[in-house]
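Shown next: my_file-v8.tsv, containing TSV, C-alpha atoms and all ligand atoms.
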chain	number	residue	atom	x	y	z
A	1	MET	CA	47.33	129.25	323.03
A	2	SER	CA	49.84	131.98	322.87
A	3	GLN	CA	52.02	133.09	325.70
A	4	TYR	CA	53.77	136.39	326.24
A	5	GLN	CA	57.50	136.48	325.56
A	6	LEU	CA	60.04	139.24	325.87
A	7	PRO	CA	60.57	140.67	322.38
A	8	VAL	CA	64.19	140.99	321.21
A	9	LEU	CA	64.20	143.15	318.07
A	10	LEU	CA	66.93	143.10	315.44
A	11	TYR	CA	68.11	146.16	313.51
A	12	HIS	CA	71.37	147.14	311.79
A	13	ARG	CA	71.43	150.69	310.40
A	14	ILE	CA	69.26	153.75	310.94
A	15	VAL	CA	69.47	156.11	307.95
A	16	ASN	CA	68.26	159.61	307.09
A	17	SER	CA	67.41	159.12	303.43
A	18	LYS	CA	67.43	156.86	300.37
A	19	LYS	CA	70.92	158.10	299.49
A	20	GLU	CA	72.35	156.20	302.47
A	21	VAL	CA	70.69	152.91	301.62
A	22	GLY	CA	72.68	149.95	300.31
A	23	ARG	CA	71.67	146.77	298.52
A	24	HIS	CA	70.92	144.86	301.70
A	25	LYS	CA	67.67	145.53	303.50
A	26	ILE	CA	69.41	146.17	306.79
A	27	TYR	CA	68.23	149.71	307.43
A	28	VAL	CA	65.24	151.53	308.82
A	29	PHE	CA	64.59	155.17	307.94
A	30	LYS	CA	65.01	157.58	310.83
A	31	ASP	CA	61.43	158.88	310.73
A	32	LYS	CA	60.00	155.36	310.77
A	33	PHE	CA	62.30	154.38	313.60
A	34	GLU	CA	61.38	157.45	315.60
A	35	ALA	CA	57.69	156.60	315.18
A	36	GLN	CA	58.50	153.17	316.64
A	37	LEU	CA	60.25	154.70	319.65
A	38	LYS	CA	57.39	157.12	320.12
A	39	PHE	CA	54.93	154.23	320.15
A	40	LEU	CA	57.03	152.40	322.77
A	41	LYS	CA	57.27	155.53	324.91
A	42	GLU	CA	53.58	156.38	324.72
A	43	ASN	CA	52.67	152.83	325.62
A	44	GLY	CA	54.89	152.64	328.68
A	45	TYR	CA	57.55	150.28	327.36
A	46	GLU	CA	60.89	149.98	329.11
A	47	THR	CA	64.00	148.99	327.15
A	48	LEU	CA	66.29	146.40	328.71
A	49	THR	CA	69.82	145.30	327.91
A	50	PHE	CA	70.97	141.69	328.23
A	51	HIS	CA	72.96	142.83	331.22
A	52	ASP	CA	69.70	143.99	332.84
A	53	LEU	CA	68.07	140.71	331.91
A	54	LEU	CA	70.74	138.69	333.68
A	55	LYS	CA	70.14	140.70	336.86
A	56	ASP	CA	66.34	140.80	336.61
A	57	ASN	CA	64.86	138.11	338.79
A	58	SER	CA	61.32	139.43	338.59
A	59	LYS	CA	60.62	137.69	335.27
A	60	ASP	CA	57.99	140.37	334.88
A	61	TRP	CA	58.71	141.32	331.32
A	62	ASN	CA	55.38	142.79	330.37
A	63	LYS	CA	55.96	146.05	328.44
A	64	LYS	CA	59.66	145.39	328.31
A	65	ILE	CA	61.68	145.04	325.14
A	66	ILE	CA	65.28	144.64	323.97
A	67	LEU	CA	66.41	146.67	320.93
A	68	THR	CA	69.53	145.22	319.28
A	69	PHE	CA	71.73	146.56	316.47
A	70	ASP	CA	74.31	144.42	314.66
A	71	ASP	CA	77.80	145.40	313.43
A	72	GLY	CA	78.30	148.86	315.00
A	73	TYR	CA	77.69	151.25	312.10
A	74	GLU	CA	78.58	154.90	312.54
A	75	ASP	CA	74.93	155.86	312.05
A	76	ASN	CA	74.26	154.12	315.37
A	77	TYR	CA	76.17	157.00	316.94
A	78	THR	CA	75.08	159.87	314.69
A	79	ILE	CA	71.39	158.97	314.25
A	80	LEU	CA	70.37	156.22	316.69
A	81	PHE	CA	72.07	157.54	319.82
A	82	PRO	CA	70.42	161.02	319.83
A	83	LEU	CA	67.02	159.35	319.41
A	84	LEU	CA	67.66	156.93	322.27
A	85	LYS	CA	68.61	159.86	324.47
A	86	LYS	CA	65.53	161.82	323.38
A	87	TYR	CA	63.21	159.00	324.47
A	88	GLY	CA	65.25	157.79	327.44
A	89	PHE	CA	65.81	154.34	325.91
A	90	LYS	CA	68.70	151.88	325.92
A	91	ALA	CA	69.84	149.38	323.31
A	92	VAL	CA	72.37	146.63	322.72
A	93	ILE	CA	74.92	147.01	319.92
A	94	PHE	CA	76.89	144.00	318.71
A	95	LEU	CA	80.34	145.18	317.63
A	96	VAL	CA	82.77	143.98	315.00
A	97	THR	CA	85.90	145.21	316.72
A	98	GLN	CA	88.67	145.04	314.11
A	99	LYS	CA	86.92	146.60	311.10
A	100	LYS	CA	86.66	150.25	310.17
A	101	ASP	CA	83.97	149.48	307.59
A	102	ASN	CA	81.64	146.72	306.38
A	103	SER	CA	84.21	144.92	304.20
A	104	TRP	CA	82.23	141.65	304.41
A	105	GLY	CA	79.28	143.41	302.77
A	106	ILE	CA	81.35	145.33	300.23
A	107	GLN	CA	82.34	141.96	298.75
A	108	GLU	CA	78.66	141.45	298.02
A	109	GLY	CA	78.24	144.81	296.30
A	110	GLU	CA	77.25	146.86	299.34
A	111	PRO	CA	78.57	150.46	299.53
A	112	VAL	CA	81.17	151.29	302.17
A	113	PHE	CA	79.64	152.07	305.54
A	114	ARG	CA	81.86	153.21	308.36
A	115	MET	CA	81.86	151.70	311.83
A	116	MET	CA	81.85	153.67	315.08
A	117	ASN	CA	85.16	154.66	316.62
A	118	GLU	CA	86.29	153.94	320.18
A	119	LYS	CA	85.44	157.39	321.48
A	120	GLN	CA	81.88	157.10	320.21
A	121	ILE	CA	81.54	153.61	321.69
A	122	ARG	CA	82.81	154.79	325.07
A	123	GLU	CA	80.36	157.68	325.16
A	124	MET	CA	77.43	155.39	324.37
A	125	SER	CA	78.60	152.84	326.92
A	126	GLU	CA	78.72	155.52	329.60
A	127	TYR	CA	75.12	156.45	328.78
A	128	GLY	CA	74.00	152.83	329.29
A	129	ILE	CA	74.12	151.25	325.85
A	130	GLU	CA	75.33	147.65	326.12
A	131	PHE	CA	78.06	146.49	323.75
A	132	GLY	CA	78.07	142.80	322.92
A	133	GLY	CA	80.39	140.74	320.75
A	134	HIS	CA	79.98	140.11	317.01
A	135	THR	CA	83.57	138.87	316.32
A	136	GLN	CA	86.63	140.86	315.28
A	137	ASN	CA	86.25	140.52	311.49
A	138	HIS	CA	82.68	139.28	310.83
A	139	PRO	CA	83.43	135.81	309.43
A	140	ASP	CA	80.87	133.03	309.12
A	141	LEU	CA	81.99	131.13	312.21
A	142	THR	CA	80.75	127.81	310.83
A	143	LYS	CA	83.04	128.11	307.79
A	144	ILE	CA	86.38	128.69	309.51
A	145	SER	CA	88.36	126.39	311.80
A	146	ILE	CA	87.23	126.22	315.42
A	147	GLU	CA	90.64	127.63	316.46
A	148	GLU	CA	90.09	130.66	314.25
A	149	ALA	CA	86.51	130.97	315.48
A	150	LYS	CA	87.67	130.96	319.09
A	151	LYS	CA	90.20	133.68	318.31
A	152	GLU	CA	87.48	135.84	316.75
A	153	ILE	CA	85.08	135.28	319.67
A	154	GLU	CA	87.58	135.69	322.52
A	155	GLY	CA	89.48	138.54	320.88
A	156	CYS	CA	86.26	140.47	320.35
A	157	LYS	CA	85.35	140.15	324.04
A	158	LYS	CA	88.77	141.50	325.07
A	159	ASP	CA	88.54	144.37	322.57
A	160	ILE	CA	85.12	145.48	323.86
A	161	GLU	CA	86.12	145.24	327.50
A	162	ALA	CA	89.28	147.25	326.81
A	163	ILE	CA	87.19	150.04	325.24
A	164	THR	CA	84.23	150.13	327.64
A	165	GLY	CA	85.76	148.81	330.86
A	166	LYS	CA	82.61	146.69	331.26
A	167	PRO	CA	82.12	142.95	330.78
A	168	ALA	CA	80.70	141.89	327.42
A	169	VAL	CA	77.94	139.45	328.42
A	170	SER	CA	76.22	138.87	325.08
A	171	PHE	CA	77.43	137.69	321.67
A	172	ALA	CA	75.59	137.74	318.33
A	173	TYR	CA	76.64	135.25	315.63
A	174	PRO	CA	77.59	136.94	312.31
A	175	PHE	CA	75.05	136.03	309.59
A	176	GLY	CA	73.22	134.12	312.34
A	177	ALA	CA	75.50	131.20	311.47
A	178	LEU	CA	76.06	128.81	314.34
A	179	ASN	CA	76.55	125.19	315.27
A	180	GLU	CA	77.18	123.35	318.53
A	181	LYS	CA	80.96	123.95	318.39
A	182	VAL	CA	80.52	127.66	317.82
A	183	LYS	CA	77.95	127.91	320.60
A	184	SER	CA	80.34	126.14	322.99
A	185	ALA	CA	83.16	128.49	322.00
A	186	VAL	CA	80.96	131.49	322.86
A	187	LYS	CA	80.11	129.98	326.22
A	188	ASP	CA	83.75	129.05	326.92
A	189	ALA	CA	84.88	132.59	326.09
A	190	GLY	CA	82.83	133.79	329.06
A	191	TYR	CA	79.78	135.30	327.39
A	192	ASN	CA	76.51	134.59	329.23
A	193	LEU	CA	74.19	134.70	326.23
A	194	GLY	CA	74.39	133.82	322.53
A	195	ILE	CA	72.08	135.75	320.24
A	196	ALA	CA	70.90	134.28	316.95
A	197	THR	CA	69.00	136.02	314.15
A	198	THR	CA	65.61	135.20	312.73
A	199	SER	CA	66.75	132.11	310.88
A	200	GLY	CA	68.22	128.89	312.04
A	201	PRO	CA	67.15	125.35	312.76
A	202	ASN	CA	65.95	126.11	316.23
A	203	PRO	CA	63.68	129.15	315.99
A	204	PHE	CA	61.93	128.69	319.32
A	205	SER	CA	65.03	127.84	321.19
A	206	ASP	CA	65.06	127.27	324.91
A	207	ASP	CA	68.78	127.70	324.75
A	208	LYS	CA	70.67	130.65	326.29
A	209	PHE	CA	73.14	130.41	323.41
A	210	GLN	CA	70.54	130.55	320.67
A	211	ILE	CA	68.14	133.35	321.49
A	212	ARG	CA	65.98	134.23	318.56
A	213	ARG	CA	65.31	137.80	317.49
A	214	ILE	CA	62.58	139.51	315.50
A	215	GLU	CA	63.90	141.60	312.61
A	216	VAL	CA	62.39	145.01	311.95
A	217	ARG	CA	62.42	145.51	308.18
A	218	PRO	CA	62.57	148.76	306.17
A	219	LYS	CA	59.01	148.44	304.90
A	220	ASN	CA	57.37	147.51	308.20
A	221	GLY	CA	54.57	149.93	309.02
A	222	LEU	CA	53.62	150.84	312.55
A	223	ALA	CA	50.93	148.15	312.76
A	224	ARG	CA	53.49	145.48	311.87
A	225	PHE	CA	55.93	146.96	314.36
A	226	LYS	CA	53.32	146.88	317.15
A	227	TYR	CA	52.80	143.19	316.48
A	228	LYS	CA	56.55	142.53	316.55
A	229	ALA	CA	56.86	144.45	319.85
A	230	SER	CA	53.75	142.88	321.38
A	231	GLY	CA	55.33	139.83	322.97
A	232	TYR	CA	52.98	137.58	320.99
A	233	TYR	CA	54.86	137.49	317.71
A	234	PHE	CA	55.80	133.85	318.16
A	235	GLN	CA	53.19	131.41	319.31
A	236	LYS	CA	55.47	129.64	321.69
A	237	SER	CA	57.30	130.81	324.76
A	238	TYR	CA	61.04	130.53	324.75
A	239	ILE	CA	62.83	133.22	326.63
A	240	GLN	CA	60.89	132.84	329.89
A	241	GLN	CA	61.77	129.19	329.99
A	242	ILE	CA	65.50	129.71	329.83
A	243	PHE	CA	65.53	132.13	332.76
A	244	LYS	CA	63.27	130.21	335.09
B	301	ZN	ZN	76.61	141.31	311.28
Mind turning this structure into structure tokens?
Amino acid sequence: MSQYQLPVLLYHRIVNSKKEVGRHKIYVFKDKFEAQLKFLKENGYETLTFHDLLKDNSKDWNKKIILTFDDGYEDNYTILFPLLKKYGFKAVIFLVTQKKDNSWGIQEGEPVFRMMNEKQIREMSEYGIEFGGHTQNHPDLTKISIEEAKKEIEGCKKDIEAITGKPAVSFAYPFGALNEKVKSAVKDAGYNLGIATTSGPNPFSDDKFQIRRIEVRPKNGLARFKYKASGYYFQKSYIQQIFK
């Protein structure tokens, strides 16, 4: 039997055209994305942030959804933000705070994509976009020393709070790479929630520091998107359990 669960969707970049696409399938075309927002709007969905979730005691998450975007690409400001405003939606963006571009991806043959600047981040924060942590330099936190990992995790929280003036409550692990030490470091840094990706050993986690997301892929049609947004994408409840 399936049970409803709050969908947490994962995106990275929103792009206008094929020219802006890199090697990695971490984009969704603007027109496809807008069709997704339109579907959510027409069907009465409300977008939450993790900050909202921590305050929401109703546990009534029917027709609610969390849209998340990793890394903090400039297109999140130039393309995503106007669309969010158009439909009256919010989102959560996980920031890499000490990089001006995607240098970790460039090493793998990805073109250079710029990150948002502080002014853009502040404007989005004032509108109601939540900014969560994603480290300072996007390392694989399981492949560096725990001291270095802590520095990345704590430093990122300070950076975000200095820009937005708001507490950073959520943290997404770069590459979805995590282990118990890394999870503890995120908790110890003062984040309330740790956000994983679609992979990992514990997909249906009941763990506030390993919340699984559903990735929206470039080729997903609207039918596939509806399923991903339905709350029945996984056959097992996880997120309700951790907030009960
Ligand atoms: Zn990332």
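If one restricts the calculation to only C-alpha atoms and all ligand atoms, the set of residues situated within 10 Å of ligand ZN 301 (chain B) consists of His12, Ile26, Phe69, Asp70, Asp71, Gly72, Phe94, Leu95, Val96, Asn102, Trp104, Gly105, His134, Thr135, Asn137, His138, Pro139, Asp140, Ala172, Tyr173, Pro174, Phe175, Gly176 and Thr197 of chain A.
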Q) Of the candidates A:Phe209, A:Leu178, A:Glu215, A:Glu130, which one gets nearest to Lys143 (chain A) if we count all atoms listed in the file? A)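 Once distances to Lys143 (chain A) are computed over all atoms listed in the file, the minimum belongs to A:Leu178.
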Q.
as an MDAnalysis selection string, please: the residues near region 219-231 of chain A (cut-off 6 Å, all atoms listed in the file, same-chain neighbours under 5 positions excluded).
A. chainID A and resid 4:7
Take the selection from the previous step and output its residues with C-alpha atoms, as a compact mmCIF listing (two decimals), keeping the file's coordinate frame.
# COMPACT_ATOMS: atom_id res chain seq x y z
CA TYR A 4 53.77 136.39 326.24
CA GLN A 5 57.50 136.48 325.56
CA LEU A 6 60.04 139.24 325.87
CA PRO A 7 60.57 140.67 322.38
Q: Counting all atoms listed in the file, select every polymer residue within 7 Å of (69.3, 154.3, 330.3) as defined in the file's coordinates, and provide the selection as an MDAnalysis selection string.
A: chainID A and resid 88:90 127:128
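Between CA of Glu74 (chain A) and CA of Arg114 (chain A) the interatomic distance comes to 5.6 Å.
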